[in-house]
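Since the structure comes first, as structure tokens, the remarks are kept for the end.
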Amino acid sequence: VYDAVVPLGGFGSEDSLLVIAPHPDDESISCGGILQRVRAAGAKVAIVWITDGDAFELDAAIIERRPIPGKKGMESLGTLRRVESLNAAAILGVPRSRCSSLGYPDGGLRSMMVDHYDSPYISNHTGYSVVHAPDSLALGSAYEGRNLVRDLGAVIDRIKPTLVLAPTPLDEHSDHAVTAQITIDLMTARQTLSQVKYWIVHADGGWPHPRGLIKSRILAPPQRASMLHWEELRLTDSEMEIKLKAISAHRTQLAVMRPFLHAFVARNELFASNA
Ligand SMILES: [Zn+2]
């Protein structure tokens, strides 16, 4: 499988990269190297987060030092994770003015698109049914699929990306797979689907294996997505170090899933094309 991976490159100052991240930390673990490379080429870089990662209850229990975090605890986890994601973006060279957070509910994207396209979904993690975090793109918008589609479309139209890096529909996490489909629909409607490449984070029930920080690691595509046309970016030592720093900015995540996050600090990053 690995022999089929072809090199990715050739970025220039005319490029505009948009990373679409369902949760805080996805941008760093999947795109922490390529964001630096594209920025170094003089191109514009931007990130949009779909959720604030406010449904990670085990995580919240540890942060709050109590067994059941409750709705307030989940809300403050979301606030913390948004700050962490902005810190990570700064480390990767993405200016604050090119970071957008939509503020939709972690773990709720599939329900929003399937059952709540035009009626509000209520998060059973936070109890909210509207975008509530300050600085969200569409503060006060109901958790409805159509609003999510509208907001992500508005970000794409503002950034005018020449390259979009989004999760693949084959990612095992439902928020990731749903984000993938919305991205594909929006880019298809704009006749720009060829500008999308796809990363994967959740696959094969534990990819990349083994977990933990192995600086000589070269990622091979997971079995689940091995039929895709994969390209790779080889990272320099410096790019790997800065990627590790960006991942380390996600302190609440490191507290509970350090070996998982660290497994993505490898000599390469993988992206699948539509071909
Ligand atoms: Zn994620």
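For the structure tokens, the naming scheme is as follows: chains receive sequential letters (A, B, ...) according to their order of presentation, residues are indexed from 1 within each chain, and ligands are indexed from 1 in presentation order.
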Inset, instruction - Taking the chain letters and numbering used in this document, name the residues of stretch 125-205 of chain A that DSSP puts in helix (DSSP H, G or I), as a VMD selection string. - result: chain A and resid 145 to 159 174 to 189 193 to 195
What does the list of residues within 12 Å of ligand 1 look like if you count only C-alpha atoms and all ligand atoms, written as a PDB file with N, CA and C atoms, in the first residue's frame?
ATOM      1  N   ILE A  20     -10.562  22.256   7.309  1.00  0.00           N
ATOM      2  CA  ILE A  20     -11.880  22.113   7.935  1.00  0.00           C
ATOM      3  C   ILE A  20     -11.768  21.047   9.023  1.00  0.00           C
ATOM      4  N   ALA A  21     -11.890  21.488  10.288  1.00  0.00           N
ATOM      5  CA  ALA A  21     -11.666  20.611  11.439  1.00  0.00           C
ATOM      6  C   ALA A  21     -12.974  20.429  12.213  1.00  0.00           C
ATOM      7  N   PRO A  22     -13.472  19.212  12.318  1.00  0.00           N
ATOM      8  CA  PRO A  22     -14.691  19.005  13.114  1.00  0.00           C
ATOM      9  C   PRO A  22     -14.490  19.394  14.585  1.00  0.00           C
ATOM     10  N   HIS A  23     -13.308  19.109  15.141  1.00  0.00           N
ATOM     11  CA  HIS A  23     -13.042  19.370  16.558  1.00  0.00           C
ATOM     12  C   HIS A  23     -11.696  20.083  16.735  1.00  0.00           C
ATOM     13  N   PRO A  24     -11.512  20.816  17.848  1.00  0.00           N
ATOM     14  CA  PRO A  24     -10.183  21.290  18.205  1.00  0.00           C
ATOM     15  C   PRO A  24      -9.252  20.082  18.339  1.00  0.00           C
ATOM     16  N   ASP A  25      -8.125  20.122  17.789  1.00  0.00           N
ATOM     17  CA  ASP A  25      -7.012  19.143  17.732  1.00  0.00           C
ATOM     18  C   ASP A  25      -6.913  18.465  16.360  1.00  0.00           C
ATOM     19  N   ASP A  26      -8.044  18.353  15.634  1.00  0.00           N
ATOM     20  CA  ASP A  26      -7.983  17.735  14.302  1.00  0.00           C
ATOM     21  C   ASP A  26      -7.030  18.495  13.373  1.00  0.00           C
ATOM     22  N   GLU A  27      -7.040  19.844  13.471  1.00  0.00           N
ATOM     23  CA  GLU A  27      -6.181  20.658  12.590  1.00  0.00           C
ATOM     24  C   GLU A  27      -4.710  20.332  12.807  1.00  0.00           C
ATOM     25  N   SER A  28      -4.322  20.117  14.067  1.00  0.00           N
ATOM     26  CA  SER A  28      -2.901  19.890  14.366  1.00  0.00           C
ATOM     27  C   SER A  28      -2.485  18.467  14.028  1.00  0.00           C
ATOM     28  N   ILE A  29      -3.298  17.481  14.405  1.00  0.00           N
ATOM     29  CA  ILE A  29      -2.859  16.098  14.195  1.00  0.00           C
ATOM     30  C   ILE A  29      -2.909  15.708  12.719  1.00  0.00           C
ATOM     31  N   SER A  30      -3.843  16.268  11.954  1.00  0.00           N
ATOM     32  CA  SER A  30      -3.937  15.860  10.550  1.00  0.00           C
ATOM     33  C   SER A  30      -3.173  16.792   9.621  1.00  0.00           C
ATOM     34  N   TRP A  49     -13.225  25.525  12.634  1.00  0.00           N
ATOM     35  CA  TRP A  49     -13.633  24.433  13.516  1.00  0.00           C
ATOM     36  C   TRP A  49     -15.155  24.379  13.534  1.00  0.00           C
ATOM     37  N   ILE A  50     -15.704  23.179  13.351  1.00  0.00           N
ATOM     38  CA  ILE A  50     -17.157  23.020  13.309  1.00  0.00           C
ATOM     39  C   ILE A  50     -17.742  22.985  14.723  1.00  0.00           C
ATOM     40  N   THR A  51     -17.079  22.285  15.648  1.00  0.00           N
ATOM     41  CA  THR A  51     -17.544  22.206  17.040  1.00  0.00           C
ATOM     42  C   THR A  51     -16.426  22.686  17.967  1.00  0.00           C
ATOM     43  N   ASP A  52     -16.780  22.864  19.242  1.00  0.00           N
ATOM     44  CA  ASP A  52     -15.784  23.228  20.252  1.00  0.00           C
ATOM     45  C   ASP A  52     -15.286  22.011  21.025  1.00  0.00           C
ATOM     46  N   GLY A  53     -15.701  20.800  20.617  1.00  0.00           N
ATOM     47  CA  GLY A  53     -15.239  19.613  21.337  1.00  0.00           C
ATOM     48  C   GLY A  53     -15.776  19.561  22.755  1.00  0.00           C
ATOM     49  N   ASP A  54     -17.053  19.901  22.899  1.00  0.00           N
ATOM     50  CA  ASP A  54     -17.628  20.012  24.241  1.00  0.00           C
ATOM     51  C   ASP A  54     -18.398  18.765  24.677  1.00  0.00           C
ATOM     52  N   ALA A  55     -18.109  17.614  24.046  1.00  0.00           N
ATOM     53  CA  ALA A  55     -18.840  16.393  24.426  1.00  0.00           C
ATOM     54  C   ALA A  55     -17.929  15.304  24.969  1.00  0.00           C
ATOM     55  N   PHE A  56     -16.703  15.666  25.253  1.00  0.00           N
ATOM     56  CA  PHE A  56     -15.740  14.638  25.660  1.00  0.00           C
ATOM     57  C   PHE A  56     -15.817  14.457  27.177  1.00  0.00           C
ATOM     58  N   ASP A 106     -20.567  19.185  19.491  1.00  0.00           N
ATOM     59  CA  ASP A 106     -19.724  18.002  19.387  1.00  0.00           C
ATOM     60  C   ASP A 106     -20.596  16.755  19.508  1.00  0.00           C
ATOM     61  N   GLY A 107     -20.448  15.828  18.596  1.00  0.00           N
ATOM     62  CA  GLY A 107     -21.215  14.588  18.643  1.00  0.00           C
ATOM     63  C   GLY A 107     -22.618  14.714  18.083  1.00  0.00           C
ATOM     64  N   LEU A 109     -23.465  16.332  14.948  1.00  0.00           N
ATOM     65  CA  LEU A 109     -23.564  16.769  13.545  1.00  0.00           C
ATOM     66  C   LEU A 109     -24.435  15.844  12.710  1.00  0.00           C
ATOM     67  N   ALA A 166     -10.056  18.414   4.285  1.00  0.00           N
ATOM     68  CA  ALA A 166     -11.232  18.040   5.074  1.00  0.00           C
ATOM     69  C   ALA A 166     -11.115  16.563   5.445  1.00  0.00           C
ATOM     70  N   PRO A 167     -11.887  16.115   6.449  1.00  0.00           N
ATOM     71  CA  PRO A 167     -11.873  14.681   6.742  1.00  0.00           C
ATOM     72  C   PRO A 167     -12.437  13.888   5.562  1.00  0.00           C
ATOM     73  N   THR A 168     -12.032  12.623   5.455  1.00  0.00           N
ATOM     74  CA  THR A 168     -12.623  11.765   4.436  1.00  0.00           C
ATOM     75  C   THR A 168     -13.952  11.197   4.950  1.00  0.00           C
ATOM     76  N   ASP A 171     -13.821   8.308   7.468  1.00  0.00           N
ATOM     77  CA  ASP A 171     -13.412   8.425   8.873  1.00  0.00           C
ATOM     78  C   ASP A 171     -14.503   7.819   9.759  1.00  0.00           C
ATOM     79  N   GLU A 172     -14.074   7.061  10.796  1.00  0.00           N
ATOM     80  CA  GLU A 172     -15.035   6.320  11.627  1.00  0.00           C
ATOM     81  C   GLU A 172     -15.836   7.216  12.575  1.00  0.00           C
ATOM     82  N   HIS A 173     -15.369   8.430  12.834  1.00  0.00           N
ATOM     83  CA  HIS A 173     -16.093   9.318  13.757  1.00  0.00           C
ATOM     84  C   HIS A 173     -17.227   9.997  12.974  1.00  0.00           C
ATOM     85  N   SER A 174     -18.451   9.927  13.500  1.00  0.00           N
ATOM     86  CA  SER A 174     -19.589  10.433  12.729  1.00  0.00           C
ATOM     87  C   SER A 174     -19.475  11.930  12.456  1.00  0.00           C
ATOM     88  N   ASP A 175     -18.949  12.721  13.406  1.00  0.00           N
ATOM     89  CA  ASP A 175     -18.765  14.160  13.136  1.00  0.00           C
ATOM     90  C   ASP A 175     -17.837  14.378  11.941  1.00  0.00           C
ATOM     91  N   HIS A 176     -16.838  13.517  11.825  1.00  0.00           N
ATOM     92  CA  HIS A 176     -15.877  13.657  10.722  1.00  0.00           C
ATOM     93  C   HIS A 176     -16.532  13.282   9.391  1.00  0.00           C
ATOM     94  N   ALA A 177     -17.236  12.147   9.373  1.00  0.00           N
ATOM     95  CA  ALA A 177     -17.850  11.686   8.128  1.00  0.00           C
ATOM     96  C   ALA A 177     -18.908  12.675   7.641  1.00  0.00           C
ATOM     97  N   VAL A 178     -19.664  13.246   8.565  1.00  0.00           N
ATOM     98  CA  VAL A 178     -20.711  14.208   8.194  1.00  0.00           C
ATOM     99  C   VAL A 178     -20.079  15.510   7.691  1.00  0.00           C
ATOM    100  N   THR A 179     -19.021  15.978   8.367  1.00  0.00           N
ATOM    101  CA  THR A 179     -18.307  17.169   7.899  1.00  0.00           C
ATOM    102  C   THR A 179     -17.781  16.949   6.488  1.00  0.00           C
ATOM    103  N   ALA A 180     -17.298  15.736   6.223  1.00  0.00           N
ATOM    104  CA  ALA A 180     -16.795  15.389   4.890  1.00  0.00           C
ATOM    105  C   ALA A 180     -17.902  15.553   3.858  1.00  0.00           C
ATOM    106  N   TRP A 199      -8.073  14.012   4.767  1.00  0.00           N
ATOM    107  CA  TRP A 199      -7.246  13.348   5.771  1.00  0.00           C
ATOM    108  C   TRP A 199      -8.129  12.404   6.581  1.00  0.00           C
ATOM    109  N   ILE A 200      -7.490  11.511   7.322  1.00  0.00           N
ATOM    110  CA  ILE A 200      -8.244  10.565   8.156  1.00  0.00           C
ATOM    111  C   ILE A 200      -7.601  10.491   9.528  1.00  0.00           C
ATOM    112  N   VAL A 201      -8.423  10.405  10.556  1.00  0.00           N
ATOM    113  CA  VAL A 201      -7.926  10.365  11.937  1.00  0.00           C
ATOM    114  C   VAL A 201      -8.407   9.102  12.652  1.00  0.00           C
ATOM    115  N   HIS A 202      -9.663   8.737  12.468  1.00  0.00           N
ATOM    116  CA  HIS A 202     -10.230   7.594  13.191  1.00  0.00           C
ATOM    117  C   HIS A 202     -10.458   6.451  12.202  1.00  0.00           C
ATOM    118  N   ALA A 203      -9.655   5.383  12.327  1.00  0.00           N
ATOM    119  CA  ALA A 203      -9.760   4.277  11.381  1.00  0.00           C
ATOM    120  C   ALA A 203      -9.217   2.995  11.987  1.00  0.00           C
ATOM    121  N   GLN A 253      -6.720  17.624  25.931  1.00  0.00           N
ATOM    122  CA  GLN A 253      -6.715  16.379  25.167  1.00  0.00           C
ATOM    123  C   GLN A 253      -5.515  15.521  25.526  1.00  0.00           C
ATOM    124  N   PHE A 260      -2.494   8.718  21.610  1.00  0.00           N
ATOM    125  CA  PHE A 260      -3.219   8.817  20.333  1.00  0.00           C
ATOM    126  C   PHE A 260      -2.754  10.047  19.546  1.00  0.00           C
ATOM    127  N   LEU A 261      -2.734  11.207  20.228  1.00  0.00           N
ATOM    128  CA  LEU A 261      -2.328  12.438  19.535  1.00  0.00           C
ATOM    129  C   LEU A 261      -0.885  12.344  19.058  1.00  0.00           C
TER     130      LEU A 261
END
Inset, instruction - For each of A:Val265, A:Met257, A:Val196, A:Ala246, take the minimum atom-to-atom distance to A:Glu84, counting only C-alpha atoms, then give the residue where this is smallest. - result: A:Ala246
Inset, instruction - Quote the spacing between atom CA of A:Gln223 and atom CA of A:Ala266 in Å to one decimal place. - result: 18.0 Å
Inset, instruction - For each of A:Asn274, A:Ser123, A:Asn147, A:Ser101, take the minimum atom-to-atom distance to A:Tyr198, counting only C-alpha atoms, then give the residue where this is smallest. - result: A:Asn274
Legend entry - Contacts of A:Leu163 at 9 Å (only C-alpha atoms; same-chain gap of 4+ positions) as a PyMOL selection string: chain A and resi 15-19+194-197
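When only C-alpha atoms are used to measure the gap to A:Ile214, the shortest distance among A:Leu148, A:Val256, A:Ala263, A:Met240 belongs to A:Ala263.
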Legend entry - For A:Val155: contacts at 10 Å, only C-alpha atoms, fewer than 5 positions along chain excluded, given as a PyMOL selection string: chain A and resi 18+20+46-48+98-102+137+150+160-161
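Residues of stretch 44-257 of chain A carrying a DSSP assignment of strand (DSSP E), computed from the backbone, are Lys44, Val45, Ala46, Ile47, Val48, Trp49, Ile50, Thr51, Cys99, Ser100, Ser101, Leu102, Gly103, Tyr104, Leu163, Val164, Leu165, Ala166, Pro167, Val196, Lys197, Tyr198, Trp199, His229, Trp230, Glu231, Glu232, Leu233 and Arg234 of chain A.
Between atom CA of A:Pro208 and atom CA of A:Pro259 the interatomic distance comes to 10.1 Å.
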Legend entry - Spatial neighbours of A:Arg190, 10 Å, only C-alpha atoms, chain gap at least 6 places, as a list in words: Gly153, Ile156, Asp157 and Ile184 of chain A
Show which residues sit within 7 Å of A:Glu269, as a tab-separated table (two decimals) with all heavy atoms, in the first residue's frame. Count only C-alpha atoms, and ignore same-chain residues fewer than 3 positions away.
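Ended up saving to result_19.tsv:
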chain	number	residue	atom	x	y	z
A	30	SER	N	-3.84	16.27	11.95
A	30	SER	CA	-3.94	15.86	10.55
A	30	SER	C	-3.17	16.79	9.62
A	30	SER	O	-2.69	16.36	8.58
A	30	SER	CB	-5.40	15.79	10.12
A	30	SER	OG	-5.99	17.07	10.20
A	232	GLU	N	1.38	12.08	-0.03
A	232	GLU	CA	1.98	12.39	1.26
A	232	GLU	C	2.85	13.63	1.18
A	232	GLU	O	3.43	13.94	0.14
A	232	GLU	CB	2.82	11.23	1.79
A	232	GLU	CG	4.09	11.02	1.01
A	232	GLU	CD	5.07	10.07	1.68
A	232	GLU	OE1	4.76	9.57	2.78
A	232	GLU	OE2	6.13	9.83	1.09
A	233	LEU	N	2.94	14.32	2.32
A	233	LEU	CA	3.91	15.39	2.49
A	233	LEU	C	4.94	14.89	3.48
A	233	LEU	O	4.59	14.51	4.60
A	233	LEU	CB	3.21	16.64	3.04
A	233	LEU	CG	4.13	17.86	3.15
A	233	LEU	CD1	4.38	18.46	1.76
A	233	LEU	CD2	3.51	18.92	4.06
A	234	ARG	N	6.22	14.86	3.07
A	234	ARG	CA	7.30	14.51	3.99
A	234	ARG	C	7.65	15.73	4.83
A	234	ARG	O	7.85	16.82	4.28
A	234	ARG	CB	8.53	14.05	3.21
A	234	ARG	CG	8.38	12.68	2.62
A	234	ARG	CD	8.50	11.63	3.72
A	234	ARG	NE	8.23	10.30	3.16
A	234	ARG	CZ	8.89	9.21	3.55
A	234	ARG	NH1	9.82	9.27	4.49
A	234	ARG	NH2	8.59	8.04	3.04
Legend entry - d(atom CA of A:Ile182, atom CA of A:Leu152) in Å: 8.4 Å
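Distances from A:Arg258, A:Lys215, A:His132, A:Arg158 to A:Gly78 were compared using only C-alpha atoms, and the smallest one belongs to A:His132.
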